[in-house]
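Visitor: Below you'll find start33.csv; it's CSV, C-alpha atoms.
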chain,number,residue,atom,x,y,z
A,1,MET,CA,12.6,-16.4,-21.3
A,2,PRO,CA,11.8,-13.6,-23.7
A,3,ARG,CA,9.8,-10.6,-22.5
A,4,ARG,CA,6.1,-10.8,-23.0
A,5,ALA,CA,6.2,-8.0,-25.6
A,6,ALA,CA,8.8,-10.0,-27.6
A,7,VAL,CA,6.5,-13.0,-27.7
A,8,GLN,CA,3.5,-10.8,-28.7
A,9,VAL,CA,5.5,-9.1,-31.5
A,10,MET,CA,6.9,-12.4,-32.8
A,11,ALA,CA,3.4,-13.8,-32.9
A,12,ALA,CA,2.1,-10.7,-34.7
A,13,GLU,CA,5.0,-10.9,-37.2
A,14,GLN,CA,4.3,-14.5,-37.9
A,15,ASN,CA,0.7,-13.8,-38.6
A,16,LYS,CA,0.8,-11.8,-41.8
A,17,LYS,CA,-2.8,-10.6,-41.3
A,18,ARG,CA,-1.6,-8.4,-38.5
A,19,THR,CA,-0.6,-5.0,-39.6
A,20,ASP,CA,2.3,-2.8,-38.5
A,21,SER,CA,-0.1,-0.9,-36.3
A,22,ALA,CA,-1.1,-4.1,-34.5
A,23,VAL,CA,2.5,-4.8,-33.8
A,24,LYS,CA,3.0,-1.3,-32.5
A,25,ARG,CA,-0.2,-1.5,-30.3
A,26,ALA,CA,1.2,-4.7,-28.8
A,27,GLU,CA,4.5,-3.0,-28.0
A,28,LEU,CA,2.7,0.0,-26.4
A,29,ALA,CA,0.4,-2.3,-24.4
A,30,GLU,CA,3.5,-4.1,-23.0
A,31,ASP,CA,5.1,-0.8,-22.1
A,32,ARG,CA,2.0,0.4,-20.3
A,33,ARG,CA,1.7,-3.0,-18.5
A,34,MET,CA,5.3,-2.8,-17.2
A,35,ARG,CA,4.8,0.8,-16.1
A,36,ASN,CA,1.5,-0.1,-14.3
A,37,LYS,CA,3.2,-3.1,-12.7
A,38,SER,CA,6.0,-0.9,-11.4
A,39,ARG,CA,3.6,1.6,-9.9
A,40,LYS,CA,1.5,-1.2,-8.2
A,41,SER,CA,4.7,-2.8,-6.9
A,42,ALA,CA,5.8,0.6,-5.4
A,43,ILE,CA,2.4,1.0,-3.7
A,44,ALA,CA,2.7,-2.5,-2.2
A,45,THR,CA,6.2,-1.8,-0.9
A,46,TYR,CA,5.1,1.4,0.8
A,47,MET,CA,2.1,-0.3,2.3
A,48,LYS,CA,4.3,-3.2,3.6
A,49,LYS,CA,6.6,-0.7,5.3
A,50,VAL,CA,3.7,1.0,7.1
A,51,VAL,CA,2.2,-2.4,8.1
A,52,LYS,CA,5.6,-3.8,9.3
A,53,MET,CA,6.3,-0.7,11.4
A,54,ALA,CA,2.8,-0.7,12.9
A,55,GLU,CA,3.0,-4.4,13.8
A,56,SER,CA,6.4,-3.9,15.5
A,57,VAL,CA,5.1,-1.0,17.5
A,58,THR,CA,2.0,-3.0,18.5
A,59,LYS,CA,4.2,-5.8,19.8
A,60,SER,CA,6.9,-3.7,21.5
A,61,GLN,CA,4.5,-0.9,22.7
A,62,ALA,CA,7.2,1.8,22.1
A,63,LEU,CA,7.5,4.6,19.6
A,64,ASP,CA,10.0,7.4,19.8
A,65,GLU,CA,9.9,10.7,17.9
A,66,GLN,CA,12.2,9.4,15.2
A,67,GLN,CA,9.9,6.4,14.6
A,68,VAL,CA,6.8,8.6,14.5
A,69,SER,CA,8.4,10.8,11.8
A,70,GLN,CA,9.5,7.7,9.9
A,71,LEU,CA,6.0,6.3,10.1
A,72,GLU,CA,4.6,9.6,8.9
A,73,SER,CA,7.0,9.6,6.0
A,74,TYR,CA,6.0,6.0,5.0
A,75,VAL,CA,2.3,7.0,5.1
A,76,SER,CA,3.0,10.1,3.1
A,77,ASP,CA,5.0,8.1,0.5
A,78,ALA,CA,2.2,5.5,0.3
A,79,TYR,CA,-0.5,8.2,-0.2
A,80,GLY,CA,1.5,9.9,-2.8
A,81,ALA,CA,2.1,6.8,-4.8
A,82,ILE,CA,-1.5,5.8,-4.6
A,83,ASP,CA,-2.7,9.2,-5.7
A,84,LYS,CA,-0.3,9.2,-8.6
A,85,ALA,CA,-1.5,5.8,-9.7
A,86,VAL,CA,-5.1,7.0,-9.7
A,87,SER,CA,-4.2,10.2,-11.7
A,88,LYS,CA,-2.3,8.0,-14.3
A,89,GLY,CA,-5.2,5.6,-14.6
A,90,THR,CA,-3.4,2.6,-13.0
A,91,LEU,CA,-5.7,2.2,-10.1
A,92,HIS,CA,-9.5,2.8,-9.8
A,93,ALA,CA,-10.4,5.6,-7.3
A,94,ASN,CA,-12.3,3.1,-5.1
A,95,THR,CA,-9.3,0.8,-4.9
A,96,ALA,CA,-7.1,3.7,-4.0
A,97,ASP,CA,-9.5,4.8,-1.2
A,98,ARG,CA,-9.6,1.3,0.2
A,99,ARG,CA,-5.8,1.1,0.2
A,100,LYS,CA,-5.4,4.5,1.8
A,101,ALA,CA,-7.9,3.5,4.5
A,102,ARG,CA,-5.9,0.4,5.2
A,103,VAL,CA,-2.7,2.5,5.6
A,104,ALA,CA,-4.5,4.9,7.8
A,105,LYS,CA,-5.8,2.0,10.0
A,106,TYR,CA,-2.3,0.7,10.6
A,107,LYS,CA,-1.0,4.1,11.3
A,108,ARG,CA,-3.8,4.7,13.8
A,109,GLN,CA,-3.1,1.3,15.4
A,110,ALA,CA,0.6,2.1,15.8
A,111,LEU,CA,-0.2,5.4,17.5
A,112,ILE,CA,-2.8,3.8,19.8
A,113,ALA,CA,-0.3,1.1,20.8
A,114,ALA,CA,2.3,3.7,21.6
A,115,GLY,CA,-0.1,5.7,23.7
A,116,LEU,CA,0.0,8.7,21.4
A,117,TYR,CA,-3.6,8.6,20.3
A,118,ALA,CA,-6.8,7.8,22.1
A,119,PRO,CA,-10.0,7.7,19.9
A,120,GLN,CA,-13.4,8.6,21.1
A,121,PRO,CA,-16.1,5.9,21.2
A,122,GLU,CA,-17.6,7.0,17.9
A,123,GLN,CA,-14.3,7.2,16.1
A,124,PRO,CA,-12.6,4.4,14.1
A,125,GLY,CA,-10.1,2.4,16.1
A,126,TYR,CA,-11.9,2.6,19.4
A,127,TYR,CA,-12.4,-1.1,19.6
A,128,PHE,CA,-8.7,-1.6,19.0
A,129,TYR,CA,-8.0,1.0,21.7
A,130,THR,CA,-10.1,-0.8,24.3
A,131,ARG,CA,-8.4,-4.1,23.6
A,132,MET,CA,-5.0,-2.4,24.0
A,133,GLN,CA,-6.1,-0.9,27.3
A,134,ALA,CA,-7.3,-4.3,28.5
A,135,ARG,CA,-4.0,-5.9,27.4
A,136,LYS,CA,-2.0,-3.3,29.3
A,137,ALA,CA,-4.2,-3.6,32.4
A,138,ALA,CA,-3.7,-7.4,32.4
A,139,ALA,CA,0.0,-7.1,31.9
A,140,ALA,CA,0.4,-4.5,34.7
A,141,PRO,CA,-0.4,-6.8,37.7
A,142,ALA,CA,1.7,-9.6,36.2
A,143,ALA,CA,4.7,-7.2,36.1
A,144,ASN,CA,4.4,-6.3,39.8
Could you spell out this file's structure in structure tokens?
Guide:
Amino acid sequence: MPRRAAVQVMAAEQNKKRTDSAVKRAELAEDRRMRNKSRKSAIATYMKKVVKMAESVTKSQALDEQQVSQLESYVSDAYGAIDKAVSKGTLHANTADRRKARVAKYKRQALIAAGLYAPQPEQPGYYFYTRMQARKAAAAPAAN
């Protein structure tokens, strides 16, 4: 299957009303589309890494120093990729803020599940914290 730009360029060349500038515009648009697609894919990959690690921690309830630093690295990579996409015009600022908040939420949940963070009642994540505490309390008598 030919690339999308090739199809657009062939269509532009077949239609003699389209000028050379229209063909060039189609090529440039395809280049930008591929670059934006790559950036968005990288962001999704970094976000998936954070989510996967957070979910594994939530299930296993264990997080050592190496995993904490790896989680921090994943979060940092995700934030960097999101910020770069905004500066290049690939993502809208509100979309970027929403995605960064989602990454922060999963990081917070991982730290809460590992027992490394305890939010105050007015802070985000407190409801998750109370559920985790209840789950641990329910599991403690069963283990004895």
Visitor: Using CA of Glu65 in chain A and CA of Lys100 in chain A as the two end points, give the distance in Å to one decimal.
Guide: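 Interatomic distance here is 23.1 Å.
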Visitor: Which is closest to Ala110 in chain A among A:Ile43, A:Ala96, A:Met53, A:Ala134, if we use all atoms listed in the file?
Guide: A:Met53
Visitor: Give the answer as one residue: which of A:Val68, A:Ala29, A:Ile112, A:Ala137 has the shortest atom-to-atom distance to Val50 in chain A, using all atoms listed in the file?
Guide: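 For Val50 in chain A, the nearest of the given residues is A:Val68.
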Visitor: CA of Tyr46 in chain A and CA of Asp77 in chain A, how far apart in Å?
Guide: 6.7 Å
Visitor: Would you mind reading off the distance between CA of Thr58 in chain A and CA of Ala113 in chain A, one decimal, in Å?
Guide: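 It comes out at 5.2 Å.
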Visitor: Tell me which residues come within 12 Å of (-6.7, 2.3, -16.3), as a list of chain:residue names, counting only C-alpha atoms in the file's coordinates.
Guide: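 Residues found, by chain and rising number: A:Ala29, A:Arg32, A:Arg33, A:Arg35, A:Asn36, A:Lys37, A:Ala85, A:Val86, A:Ser87, A:Lys88, A:Gly89, A:Thr90, A:Leu91, A:His92, A:Ala93, A:Thr95.
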Visitor: Rank nothing, just name the residue among A:Ile82, A:Ala140, A:Val75, A:Leu63 nearest to Ala104 in chain A, using all atoms listed in the file.
Guide: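 Closest to Ala104 in chain A of all the choices is A:Val75.
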Visitor: Around the point (-1.1, 0.0, 25.7), in the coordinates given by the file, pick out the residues reaching within 10 Å, counting only C-alpha atoms, and return them as a list in words.
Guide: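 Collected hits near the coordinates: Thr58, Lys59, Ser60, Gln61, Ala62, Leu111, Ile112, Ala113, Ala114, Gly115, Leu116, Tyr129, Thr130, Arg131, Met132, Gln133, Ala134, Arg135, Lys136, Ala137 and Ala139 of chain A.
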Visitor: Determine the nearest neighbour of Tyr106 in chain A from the options A:Ser21, A:Ser41, A:Ser56, A:Gln67, counting all atoms listed in the file.
Guide: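 Among the listed residues, A:Ser56 lies closest to Tyr106 in chain A.
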Visitor: Select, from A:Val51, A:Val57, A:Leu28, A:Ala22, the residue with the minimum atom-to-atom distance to Tyr74 in chain A, counting only C-alpha atoms.
Guide: A:Val51
